[in-house]
Amino acid sequence: MDIGILFSFRNPAFNRVPWTTTYTDELDLTVAAEELGYDHVWLSEHHFVDDGYSPSLLPIAAAIAALTRSIRIGTYVMLLPLHNPVRVAEDAATVDVISGGRFDLGVGLGYRPGEFTGMGVPSAERAARFQEGLPVIQRLLAGETVSLDGRFNQFEDVRITPPPAQRTLPIWVGARGDRALERAAQLGCHLASIGAPGHRERYLAALAACGRRAEDHHIGQLAVVYVAATAAQAWRECGRAIHHVMHEYQAWAAESGDESGDALATMAVPAPEEFMAGRVAEVMGRPAMIGDPEQVYQGLRAFLEVTPATHLVLMMALPGVDPERTRDSMALFARAVMPRLKK
């Protein structure tokens, strides 16, 4: 199993530091992830968020590529309808060259209306823009010369240079709804899931319907994980951050009319003190893998039995947590949990 860590470069008000410090600390943690033996660094995109949730993924990916030598770097996910597909293909290829062939491009639809209005893109067009743009990116990264007279993009005889270092740059799709899952399968993309059990089954069924082999495709699962010597210590260190994450996602779900279908908009978010005391069993409607190494291992084993995956994406670098405590969690997981999972 491929095990990676998601980094979002967030700087929440409850523990705000200079923005340069946030970026320096997070980049240092990506280097630590490589040193500790993790397989992937993953990045996630949002816009116009008070805590600075990383809005510019490919510049960040390029910085990580320049600082590391072996760990893979991917987006989980980039909000494709907000971007020009030719620009995305060029930037992805450039990151792949800088990294020596270690880049994965993950893309998704997005769902927050404010992100679309802020970028001047009607949110009602996001599925159509995605469907038009992703095949263009695939063809350009495959080295083709592409012309298109589309609804949103018009160009003639475009070929990107330099090409990616990889012969086939992996492309992932973050999908939840049936149409999005079918689109991912039709285009032969890997699945970047958030952990809902039904997503995997519907994606595999869609692959089969398209005549594609499941063994040729990867499935990522996102899990909230934090480990310390004791469960009490783990919750004490990350509880405020977990509250912040849940509060933000609930607000975004309400803004979007809960279009994700996860019922987050109506979930009650406990007070920060409830999280810090370890009196919360779930995060965003799913089990919280927060505790000592044995608790986290057993929790992940149970999680993966319900939602099997080829790639485990750990939301462990949580916003506002002291970076040294995050580094301790990463090291303890790498030493006491990761080898058992990889067996």
# chains A, B, ... in the order shown; residues from 1 in each chain; ligands from 1

call {"tool": "select_by_dssp", "arguments": {"residues": "region 81-263 of chain A", "states": "strand (DSSP E or B)", "output": "MDAnalysis selection string"}}
result
chainID A and resid 103:108 146:149 154:158 171:174 190:193 219:227

call {"tool": "residues_around", "arguments": {"residues": "region 90-97 of chain A", "least_positions_apart": "2", "cutoff": "10 Å", "atoms": "only C-alpha atoms", "output": "PyMOL selection string"}}
result
chain A and resi 58-66+72-74+85-88+99-105+137+140-141+159-166+169

call {"tool": "select_by_dssp", "arguments": {"residues": "region 143-230 of chain A", "states": "alpha helix (DSSP H)", "output": "MDAnalysis selection string"}}
result
chainID A and resid 178:186 197:209

call {"tool": "write_last_selection", "arguments": {"atoms": "C-alpha atoms", "output": "compact mmCIF listing (two decimals), in the first residue's frame"}}
result
# COMPACT_ATOMS: atom_id res chain seq x y z
CA ASP A 178 -22.50 8.58 -10.18
CA ARG A 179 -21.86 10.73 -13.26
CA ALA A 180 -18.47 11.87 -11.96
CA LEU A 181 -17.47 8.30 -11.08
CA GLU A 182 -18.54 7.11 -14.52
CA ARG A 183 -16.57 9.95 -16.14
CA ALA A 184 -13.44 8.99 -14.22
CA ALA A 185 -13.80 5.39 -15.36
CA GLN A 186 -14.50 6.30 -18.98
CA PRO A 197 -17.67 3.10 0.99
CA GLY A 198 -20.08 3.36 -1.94
CA HIS A 199 -17.68 5.39 -4.09
CA ARG A 200 -15.26 2.52 -4.56
CA GLU A 201 -17.93 0.02 -5.58
CA ARG A 202 -19.56 2.39 -8.07
CA TYR A 203 -16.18 3.28 -9.57
CA LEU A 204 -15.23 -0.40 -9.98
CA ALA A 205 -18.60 -1.11 -11.58
CA ALA A 206 -18.09 1.80 -13.97
CA LEU A 207 -14.62 0.52 -14.90
CA ALA A 208 -16.08 -2.88 -15.70
CA ALA A 209 -18.86 -1.31 -17.77

call {"tool": "atom_distance", "arguments": {"atom1": "CA of Tyr76 (chain A)", "atom2": "CA of Gln131 (chain A)"}}
result
18.1 Å

call {"tool": "residues_around", "arguments": {"residues": "Phe48 (chain A)", "least_positions_apart": "2", "cutoff": "9 Å", "atoms": "only C-alpha atoms", "output": "ChimeraX atom specification"}}
result
/A:46,50-53,55,114-115,118

call {"tool": "atom_distance", "arguments": {"atom1": "CA of Met276 (chain A)", "atom2": "CA of Arg240 (chain A)"}}
result
6.3 Å

call {"tool": "closest_residue", "arguments": {"among": "A:Gly291, A:Gly239, A:Gly188, A:Pro113", "to": "Ala277 (chain A)", "atoms": "only C-alpha atoms"}}
result
A:Gly239

call {"tool": "closest_residue", "arguments": {"among": "A:Ala251, A:Val321, A:Leu187, A:Leu312", "to": "Ala234 (chain A)", "atoms": "only C-alpha atoms"}}
result
A:Val321

call {"tool": "closest_residue", "arguments": {"among": "A:Ala302, A:Ile5, A:Met119, A:Ala229", "to": "Val41 (chain A)", "atoms": "only C-alpha atoms"}}
result
A:Ile5

call {"tool": "atom_distance", "arguments": {"atom1": "CA of Pro319 (chain A)", "atom2": "CA of Pro12 (chain A)"}}
result
6.4 Å

call {"tool": "residues_around", "arguments": {"residues": "Val269 (chain A)", "least_positions_apart": "6", "cutoff": "12 Å", "atoms": "only C-alpha atoms", "output": "PyMOL selection string"}}
result
chain A and resi 240+242-251+275+280-285

call {"tool": "write_last_selection", "arguments": {"atoms": "C-alpha atoms", "output": "PDB file, in the first residue's frame"}}
result
ATOM      1  CA  ARG A 240      -8.629  22.419  18.226  1.00  0.00           C
ATOM      2  CA  ILE A 242     -10.026  19.095  14.093  1.00  0.00           C
ATOM      3  CA  HIS A 243     -12.750  21.458  15.325  1.00  0.00           C
ATOM      4  CA  HIS A 244     -11.496  24.125  12.909  1.00  0.00           C
ATOM      5  CA  VAL A 245     -11.525  21.694   9.953  1.00  0.00           C
ATOM      6  CA  MET A 246     -15.046  20.475  10.731  1.00  0.00           C
ATOM      7  CA  HIS A 247     -16.364  23.995  11.254  1.00  0.00           C
ATOM      8  CA  GLU A 248     -14.992  25.109   7.879  1.00  0.00           C
ATOM      9  CA  TYR A 249     -16.288  22.095   5.962  1.00  0.00           C
ATOM     10  CA  GLN A 250     -19.729  22.487   7.530  1.00  0.00           C
ATOM     11  CA  ALA A 251     -19.852  26.133   6.429  1.00  0.00           C
ATOM     12  CA  PHE A 275     -12.421  17.580  20.735  1.00  0.00           C
ATOM     13  CA  VAL A 280     -15.677  12.928  19.795  1.00  0.00           C
ATOM     14  CA  ALA A 281     -15.904   9.604  17.968  1.00  0.00           C
ATOM     15  CA  GLU A 282     -16.262  10.791  14.376  1.00  0.00           C
ATOM     16  CA  VAL A 283     -14.829  13.485  12.123  1.00  0.00           C
ATOM     17  CA  MET A 284     -17.000  14.551   9.166  1.00  0.00           C
ATOM     18  CA  GLY A 285     -19.228  11.547   9.710  1.00  0.00           C
TER      19      GLY A 285
END

call {"tool": "residues_around", "arguments": {"residues": "Thr310 (chain A)", "least_positions_apart": "3", "cutoff": "6 Å", "atoms": "only C-alpha atoms", "output": "list in words"}}
result
Met1, His218 and Ile219 of chain A

call {"tool": "write_last_selection", "arguments": {"atoms": "N, CA and C atoms", "output": "short mmCIF file (atom, residue, chain, number, x, y, z; two decimals), in the first residue's frame"}}
result
data_model
loop_
_atom_site.label_atom_id
_atom_site.label_comp_id
_atom_site.auth_asym_id
_atom_site.auth_seq_id
_atom_site.Cartn_x
_atom_site.Cartn_y
_atom_site.Cartn_z
N MET A 1 0.83 -1.20 0.00
CA MET A 1 0.00 0.00 0.00
C MET A 1 0.87 1.26 0.00
N HIS A 218 -5.85 2.81 -9.69
CA HIS A 218 -5.63 3.01 -8.26
C HIS A 218 -6.87 3.66 -7.61
N ILE A 219 -7.01 3.39 -6.32
CA ILE A 219 -8.06 4.04 -5.53
C ILE A 219 -7.41 4.62 -4.28
#

call {"tool": "residues_around", "arguments": {"residues": "Thr20 (chain A)", "least_positions_apart": "3", "cutoff": "12 Å", "atoms": "only C-alpha atoms", "output": "mmCIF file with C-alpha atoms, in the first residue's frame"}}
result
data_model
loop_
_atom_site.group_PDB
_atom_site.id
_atom_site.type_symbol
_atom_site.label_atom_id
_atom_site.label_comp_id
_atom_site.auth_asym_id
_atom_site.auth_seq_id
_atom_site.Cartn_x
_atom_site.Cartn_y
_atom_site.Cartn_z
ATOM 1 C CA PHE A 9 -0.711 25.090 4.044
ATOM 2 C CA ARG A 10 -3.390 26.531 6.347
ATOM 3 C CA ASN A 11 -2.800 29.231 8.953
ATOM 4 C CA ARG A 16 -1.817 32.409 13.442
ATOM 5 C CA VAL A 17 1.825 32.865 12.517
ATOM 6 C CA TYR A 23 5.011 27.847 4.175
ATOM 7 C CA THR A 24 8.484 27.225 5.560
ATOM 8 C CA ASP A 25 7.130 24.856 8.217
ATOM 9 C CA GLU A 26 4.907 22.915 5.789
ATOM 10 C CA LEU A 27 7.680 22.582 3.213
ATOM 11 C CA GLY A 52 -5.122 30.572 3.459
#

call {"tool": "closest_residue", "arguments": {"among": "A:Ala196, A:Ala309, A:Glu273, A:Val107", "to": "Pro287 (chain A)", "atoms": "only C-alpha atoms"}}
result
A:Ala196
